[in-house]
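File shown: query_39.tsv (TSV, C-alpha atoms).
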```
chain	number	residue	atom	x	y	z
A	4	MET	CA	-171.66	-72.86	-14.25
A	5	ALA	CA	-169.84	-75.21	-11.87
A	6	GLY	CA	-166.53	-73.34	-11.80
A	7	TYR	CA	-164.31	-70.83	-13.56
A	8	GLU	CA	-160.72	-69.71	-14.08
A	9	PHE	CA	-159.18	-66.42	-15.21
A	10	ASP	CA	-156.21	-66.57	-17.60
A	11	LEU	CA	-154.50	-63.18	-17.29
A	12	GLY	CA	-152.86	-61.70	-20.35
A	13	ASP	CA	-150.48	-59.50	-18.32
A	14	PRO	CA	-150.71	-60.15	-14.56
A	15	ALA	CA	-148.43	-57.17	-13.89
A	16	VAL	CA	-151.16	-54.69	-14.84
A	17	VAL	CA	-154.43	-56.57	-14.20
A	18	HIS	CA	-155.52	-55.23	-10.81
A	19	HIS	CA	-158.76	-57.22	-10.67
A	20	ALA	CA	-161.48	-58.52	-12.96
A	21	ARG	CA	-165.19	-59.16	-12.51
A	22	ILE	CA	-167.77	-61.01	-14.57
A	23	PHE	CA	-171.44	-60.08	-14.47
A	24	THR	CA	-174.55	-61.50	-16.07
A	25	GLN	CA	-177.01	-59.06	-17.60
A	26	ASP	CA	-180.39	-59.63	-19.21
A	27	LYS	CA	-180.10	-58.58	-22.85
A	28	SER	CA	-183.03	-56.20	-22.46
A	29	TYR	CA	-180.79	-53.96	-20.33
A	30	SER	CA	-177.75	-51.92	-21.31
A	31	GLY	CA	-174.81	-50.10	-19.72
A	32	GLU	CA	-174.52	-50.88	-16.02
A	33	GLN	CA	-178.21	-51.71	-15.52
A	34	ALA	CA	-179.18	-54.92	-13.70
A	35	LEU	CA	-175.67	-56.37	-13.45
A	36	LEU	CA	-175.45	-59.50	-11.29
A	37	ASP	CA	-172.11	-60.71	-9.89
A	38	MET	CA	-170.96	-64.02	-11.32
A	39	ALA	CA	-167.18	-64.36	-10.96
A	40	ALA	CA	-164.16	-62.35	-9.85
A	41	TYR	CA	-160.37	-62.33	-9.91
A	42	ALA	CA	-158.10	-60.61	-7.39
A	43	PRO	CA	-154.42	-61.20	-6.55
A	44	GLY	CA	-153.95	-64.61	-4.96
A	45	LYS	CA	-157.16	-66.17	-6.24
A	46	ALA	CA	-156.85	-69.51	-8.01
A	47	SER	CA	-159.36	-71.31	-10.19
A	48	ILE	CA	-162.72	-72.02	-8.56
A	49	SER	CA	-164.58	-75.34	-8.62
A	50	TYR	CA	-167.89	-75.39	-6.78
A	51	PRO	CA	-168.88	-78.33	-4.57
A	52	GLU	CA	-170.90	-81.06	-6.24
A	53	GLY	CA	-174.59	-80.26	-6.60
A	54	ILE	CA	-174.33	-76.45	-6.70
A	55	ALA	CA	-173.87	-74.10	-9.64
A	56	GLN	CA	-174.55	-70.57	-10.82
A	57	LYS	CA	-177.29	-70.10	-13.39
A	58	PHE	CA	-177.48	-67.88	-16.43
A	59	SER	CA	-179.79	-68.17	-19.41
A	60	SER	CA	-179.64	-67.80	-23.18
A	61	ASN	CA	-181.21	-64.38	-22.66
A	62	ASP	CA	-178.21	-63.21	-20.60
A	63	ARG	CA	-174.98	-61.67	-21.79
A	64	LEU	CA	-171.70	-61.90	-19.91
A	65	VAL	CA	-170.09	-58.55	-19.07
A	66	MET	CA	-166.39	-58.45	-18.17
A	67	GLN	CA	-164.98	-55.54	-16.17
A	68	ILE	CA	-161.19	-55.35	-15.94
A	69	HIS	CA	-159.37	-52.84	-13.75
A	70	TYR	CA	-155.83	-52.06	-14.85
A	71	THR	CA	-153.07	-50.34	-12.91
A	72	THR	CA	-149.99	-48.80	-14.51
A	73	ASN	CA	-146.42	-49.97	-13.99
A	74	GLY	CA	-144.55	-47.54	-16.26
A	75	LEU	CA	-144.18	-49.98	-19.17
A	76	ALA	CA	-146.08	-50.23	-22.45
A	77	THR	CA	-148.03	-53.49	-22.64
A	78	THR	CA	-151.11	-55.19	-24.05
A	79	ASP	CA	-153.56	-57.49	-22.31
A	80	GLN	CA	-155.97	-60.16	-23.49
A	81	THR	CA	-157.40	-61.69	-20.33
A	82	ARG	CA	-159.57	-64.76	-20.89
A	83	LEU	CA	-162.22	-66.53	-18.82
A	84	GLY	CA	-162.71	-70.28	-18.76
A	85	LEU	CA	-166.08	-71.68	-17.64
A	86	HIS	CA	-166.80	-75.16	-16.30
A	87	TYR	CA	-170.37	-76.14	-17.05
A	88	ALA	CA	-172.38	-78.39	-14.75
A	89	GLU	CA	-173.21	-81.77	-16.27
A	90	GLN	CA	-176.49	-82.03	-14.38
A	91	ALA	CA	-179.09	-79.62	-13.05
A	92	PRO	CA	-177.86	-78.32	-9.67
A	93	GLN	CA	-179.59	-79.05	-6.40
A	94	GLN	CA	-178.73	-75.54	-5.17
A	95	THR	CA	-178.25	-72.23	-6.96
A	96	LEU	CA	-175.17	-70.23	-5.97
A	97	MET	CA	-175.23	-66.45	-5.51
A	98	ASN	CA	-172.55	-63.93	-4.53
A	99	PRO	CA	-174.00	-61.30	-2.18
A	100	ILE	CA	-171.62	-58.75	-0.67
A	101	THR	CA	-171.42	-56.40	2.25
A	102	VAL	CA	-169.98	-53.04	1.24
A	103	ASN	CA	-169.11	-49.72	2.89
A	104	GLU	CA	-168.30	-46.95	0.41
A	105	ASP	CA	-168.26	-44.28	3.13
A	106	ILE	CA	-164.85	-45.21	4.53
A	107	TYR	CA	-162.52	-42.23	5.04
A	108	ILE	CA	-159.27	-43.09	6.77
A	109	PRO	CA	-157.32	-40.16	8.28
A	110	ALA	CA	-153.60	-39.87	7.64
A	111	GLY	CA	-151.62	-41.76	10.27
A	112	ALA	CA	-154.65	-43.66	11.64
A	113	HIS	CA	-153.43	-46.99	13.01
A	114	ASN	CA	-156.75	-48.70	13.79
A	115	TYR	CA	-159.51	-47.19	11.65
A	116	GLN	CA	-162.64	-49.34	12.01
A	117	ALA	CA	-165.28	-50.00	9.37
A	118	SER	CA	-168.35	-52.22	9.16
A	119	ALA	CA	-171.06	-53.27	6.72
A	120	SER	CA	-173.97	-55.69	6.76
A	121	ILE	CA	-176.57	-57.46	4.65
A	122	VAL	CA	-179.79	-59.31	5.53
A	123	LEU	CA	-180.51	-62.71	3.96
A	124	ASN	CA	-184.14	-62.90	2.85
A	125	ASP	CA	-184.21	-66.68	2.29
A	126	ASP	CA	-183.02	-69.80	4.07
A	127	SER	CA	-179.46	-70.06	2.78
A	128	TYR	CA	-176.30	-72.14	2.91
A	129	LEU	CA	-173.00	-70.31	3.29
A	130	TYR	CA	-170.15	-71.93	1.35
A	131	ALA	CA	-167.36	-69.34	1.23
A	132	MET	CA	-166.23	-65.85	2.25
A	133	SER	CA	-163.57	-63.52	0.87
A	134	PRO	CA	-162.60	-60.14	2.40
A	135	HIS	CA	-161.52	-57.39	0.02
A	136	MET	CA	-159.53	-54.33	1.08
A	137	ARG	CA	-156.38	-52.70	-0.24
A	138	TYR	CA	-152.86	-52.07	1.12
A	139	ARG	CA	-154.14	-50.42	4.30
A	140	GLY	CA	-156.44	-53.32	5.10
A	141	LYS	CA	-155.41	-54.92	8.38
A	142	SER	CA	-158.12	-57.39	9.42
A	143	MET	CA	-161.71	-58.41	8.77
A	144	LYS	CA	-164.19	-60.73	10.43
A	145	TYR	CA	-167.64	-62.04	9.50
A	146	THR	CA	-170.40	-62.47	12.08
A	147	ALA	CA	-173.88	-63.96	11.68
A	148	VAL	CA	-176.60	-62.32	13.76
A	149	TYR	CA	-179.54	-64.72	13.82
A	150	PRO	CA	-183.24	-63.75	13.94
A	151	ASP	CA	-183.41	-64.82	17.62
A	152	GLY	CA	-180.67	-62.30	18.51
A	153	ASN	CA	-177.86	-64.79	19.00
A	154	SER	CA	-174.63	-64.23	17.08
A	155	GLU	CA	-171.81	-66.45	15.79
A	156	GLN	CA	-168.43	-65.60	14.30
A	157	LEU	CA	-168.09	-67.14	10.85
A	158	LEU	CA	-164.59	-66.06	9.81
A	159	SER	CA	-161.68	-64.05	11.21
A	160	VAL	CA	-158.77	-62.88	9.04
A	161	PRO	CA	-156.47	-61.13	11.56
A	162	ASN	CA	-153.62	-60.50	9.11
A	163	PHE	CA	-155.15	-59.42	5.81
A	164	GLN	CA	-152.73	-59.30	2.87
A	165	PHE	CA	-153.73	-57.43	-0.29
A	166	GLN	CA	-151.31	-59.49	-2.40
A	167	TRP	CA	-152.92	-62.76	-1.33
A	168	GLN	CA	-156.70	-62.47	-1.27
A	169	MET	CA	-158.16	-65.89	-0.63
A	170	ASP	CA	-161.60	-67.41	-0.86
A	171	TYR	CA	-162.20	-69.24	2.42
A	172	TRP	CA	-164.35	-72.29	1.64
A	173	LEU	CA	-166.02	-74.04	4.57
A	174	LYS	CA	-165.56	-77.79	5.01
A	175	GLU	CA	-169.34	-78.05	5.31
A	176	PRO	CA	-171.91	-75.43	4.25
A	177	LYS	CA	-173.33	-73.36	7.09
A	178	PHE	CA	-177.13	-73.11	7.26
A	179	LEU	CA	-178.36	-69.55	7.79
A	180	PRO	CA	-182.10	-69.06	8.35
A	181	ALA	CA	-184.04	-66.33	6.59
A	182	GLY	CA	-183.63	-63.03	8.40
A	183	THR	CA	-179.99	-63.63	9.36
A	184	THR	CA	-177.81	-60.51	9.20
A	185	ILE	CA	-174.22	-60.94	8.02
A	186	VAL	CA	-171.98	-58.28	9.58
A	187	THR	CA	-168.42	-57.60	8.44
A	188	ASP	CA	-166.09	-55.62	10.71
A	189	GLY	CA	-162.66	-54.51	9.59
A	190	VAL	CA	-159.62	-52.48	10.60
A	191	PHE	CA	-157.34	-50.32	8.43
A	192	ASP	CA	-153.79	-49.15	9.19
A	193	ASN	CA	-152.93	-45.86	7.46
A	194	SER	CA	-149.84	-45.23	9.59
A	195	SER	CA	-146.13	-45.39	8.79
A	196	ALA	CA	-146.00	-48.62	10.84
A	197	ASN	CA	-147.76	-50.38	7.95
A	198	PRO	CA	-144.92	-51.47	5.61
A	199	GLY	CA	-147.30	-51.79	2.65
A	200	ASN	CA	-148.83	-48.32	3.02
A	201	PRO	CA	-148.32	-46.34	-0.22
A	202	ASN	CA	-148.52	-43.00	1.64
A	203	SER	CA	-149.25	-42.53	5.34
A	204	ASP	CA	-149.39	-38.73	5.01
A	205	ILE	CA	-152.73	-38.52	3.19
A	206	ASP	CA	-156.36	-39.18	4.08
A	207	VAL	CA	-157.78	-42.08	2.07
A	208	GLY	CA	-161.32	-42.77	0.91
A	209	TRP	CA	-163.11	-45.22	-1.36
A	210	GLY	CA	-161.70	-45.51	-4.87
A	211	GLY	CA	-160.78	-47.77	-7.74
A	212	GLN	CA	-156.99	-47.47	-7.55
A	213	SER	CA	-154.72	-49.56	-5.35
A	214	TRP	CA	-153.56	-46.52	-3.38
A	215	GLU	CA	-157.21	-45.85	-2.47
A	216	GLU	CA	-159.34	-48.21	-0.38
A	217	MET	CA	-162.35	-50.50	-0.47
A	218	PHE	CA	-164.29	-52.49	2.12
A	219	ILE	CA	-166.17	-55.46	0.67
A	220	GLY	CA	-167.18	-58.77	2.19
A	221	TRP	CA	-167.81	-61.28	-0.63
A	222	MET	CA	-169.76	-64.48	0.00
A	223	ALA	CA	-170.79	-67.62	-1.86
A	224	ILE	CA	-174.30	-68.49	-0.69
A	225	ALA	CA	-176.67	-71.11	-2.10
A	226	VAL	CA	-180.42	-71.48	-1.88
A	227	ASP	CA	-182.44	-74.59	-2.65
A	228	THR	CA	-183.34	-74.79	-6.34
A	229	GLN	CA	-187.09	-74.48	-6.78
```
Translate this structure into structure tokens?
Amino acid sequence: MAGYEFDLGDPAVVHHARIFTQDKSYSGEQALLDMAAYAPGKASISYPEGIAQKFSSNDRLVMQIHYTTNGLATTDQTRLGLHYAEQAPQQTLMNPITVNEDIYIPAGAHNYQASASIVLNDDSYLYAMSPHMRYRGKSMKYTAVYPDGNSEQLLSVPNFQFQWQMDYWLKEPKFLPAGTTIVTDGVFDNSSANPGNPNSDIDVGWGGQSWEEMFIGWMAIAVDTQ
């Protein structure tokens, strides 16, 4: 797959959507691998030439759609368009994430900090990053900590906006040697000073609804095709 696009049936109620691949020998939520995602503000995705995501004839595609109510009766038939690669890719794309499900933001907290990390086991090429938080999300940055102990900031989003969640594609892929740790650090604002805060009087933890919170650092990373 060299690219994809979501066609939302009713954008007013589709909160986000995710596509997974799953070997047909599994069922339920077993062995799901991230393939594609939609969130507010994301456009269609076309991967750079020479890279693609792989799935086989033994895989099924699983679509997960999260809806949020708006007080009106409606129906939805969201569709997914796939762009297939015309040639075998030189690199295989994967979508690892950093995630912190232990966030718990006290009522009124103006600068609640959260972090998460992941270690890359193979020599990799970083193509894109995309922070995901909700209405209380304030900022997020990505840092690479290399095996020799040196570190480098990869991305800083100082003014995160839930309504406009972008994929930040690098002009040139960034080589990351095996053993590199990707660290994401973020800040939440659960105070009344945050104009988008649904309710500054309650503590907020991880959850699937927009008035709850998440802390995820999505990435597009490629490894050489063997």
- Message: For a test of reading the model, state the distance in Å between CA of Thr183 in chain A and CA of Gly220 in chain A, rounded to one decimal.
- Response: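 Separating CA of Thr183 in chain A from CA of Gly220 in chain A is a distance of 15.5 Å.
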- How many Å separate CA of Gly189 in chain A from CA of Ser133 in chain A? 12.6 Å
- Selection: 9 Å around Met217 in chain A, all atoms listed in the file, excl. self and same-chain fewer than 3 positions, as a PyMOL selection string: chain A and resi 102-104+106+135-137+140+208-211
- Task: Select, from A:Gln93, A:Ser49, A:Gln166, A:Ser120, the residue with the minimum atom-to-atom distance to Thr187 in chain A, counting all atoms listed in the file.
- Result: A:Ser120
- Residues near range 23-25 of chain A, cut-off 6 Å, only C-alpha atoms, skip fewer than 3 positions along chain, as a VMD selection string: chain A and resid 35 to 38 62 to 65
Write a file of the just-selected residues containing C-alpha atoms, as a PDB file, in the frame of the given file.
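As written to disk, selection-v3.pdb reads:
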```pdb
ATOM      1  CA  LEU A  35    -175.670 -56.370 -13.450  1.00  0.00           C
ATOM      2  CA  LEU A  36    -175.450 -59.500 -11.290  1.00  0.00           C
ATOM      3  CA  ASP A  37    -172.110 -60.710  -9.890  1.00  0.00           C
ATOM      4  CA  MET A  38    -170.960 -64.020 -11.320  1.00  0.00           C
ATOM      5  CA  ASP A  62    -178.210 -63.210 -20.600  1.00  0.00           C
ATOM      6  CA  ARG A  63    -174.980 -61.670 -21.790  1.00  0.00           C
ATOM      7  CA  LEU A  64    -171.700 -61.900 -19.910  1.00  0.00           C
ATOM      8  CA  VAL A  65    -170.090 -58.550 -19.070  1.00  0.00           C
TER       9      VAL A  65
END
```
- Correct to one decimal, the distance CA of Val190 in chain A-CA of Tyr128 in chain A is 26.9 Å
- Message: What's around Asn200 in chain A at 12 Å? Count all atoms listed in the file, leave out sequence neighbours fewer than 4 positions away in its own chain, and write the answer as an MDAnalysis selection string.
- Response: chainID A and resid 110:113 137:141 164:165 191:196 204:207 213:216
- List the neighbours of Asn98 in chain A out to 10 Å using only C-alpha atoms; skip same-chain residues closer than 5 positions along the sequence, and give me the result as a list in words.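 With the cut-off at 10 Å, the set is Leu36, Asp37, Met38, Ala39, Gln56, Ala131, Met132, Trp221, Met222, Ala223, Ile224 and Ala225 of chain A.
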- Query: Can you list, as an NGL selection string, every protein, DNA or RNA residue that comes within 6 Å of range 67-76 of chain A when you count all atoms listed in the file, leaving out same-chain residues fewer than 5 positions away?
  - Reply: :A and (16-21)
- Message: Restricting the calculation to all atoms listed in the file: of A:Pro43, A:Thr146, A:Asp151, A:Tyr7, which residue gets closest to Met169 in chain A?
- Response: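 Checking each candidate against Met169 in chain A, we get A:Pro43 as the closest.
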- Message: Nearest residue to Gly53 in chain A out of A:Pro99, A:Pro92, A:Gly84, A:Gly31, using only C-alpha atoms?
- Response: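 Among the listed residues, A:Pro92 lies closest to Gly53 in chain A.
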- Message: Measuring between only C-alpha atoms, which one of A:Asp10, A:Leu123, A:Ala147, A:Gln156 shows the shortest distance to Val226 in chain A?
- Response: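 When distances to Val226 in chain A are compared using only C-alpha atoms, the smallest one comes from A:Leu123.
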- Message: Using all atoms listed in the file - which residues lie no farther than 12 Å from the point (-178.4, -64.2, 15.3) in the file's frame? Write them as a ChimeraX atom specification.
- Response: /A:122-123,146-157,179-186
- Can you work out which one of A:Ser47, A:Ser127, A:Asn61, A:Asn202 has the shortest atom-to-atom distance to Thr95 in chain A, counting all atoms listed in the file?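 Nearest to Thr95 in chain A: A:Ser127.
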With 8 Å of padding per side, what axis-aligned box (centre and edge lengths, Å, one decimal) covers all the listed atoms of range 117-129 of chain A? Give it as AutoDock Vina command-line options.
```
--center_x -174.7 --center_y -61.1 --center_z 5.8 --size_x 34.9 --size_y 38.1 --size_z 23.1
```
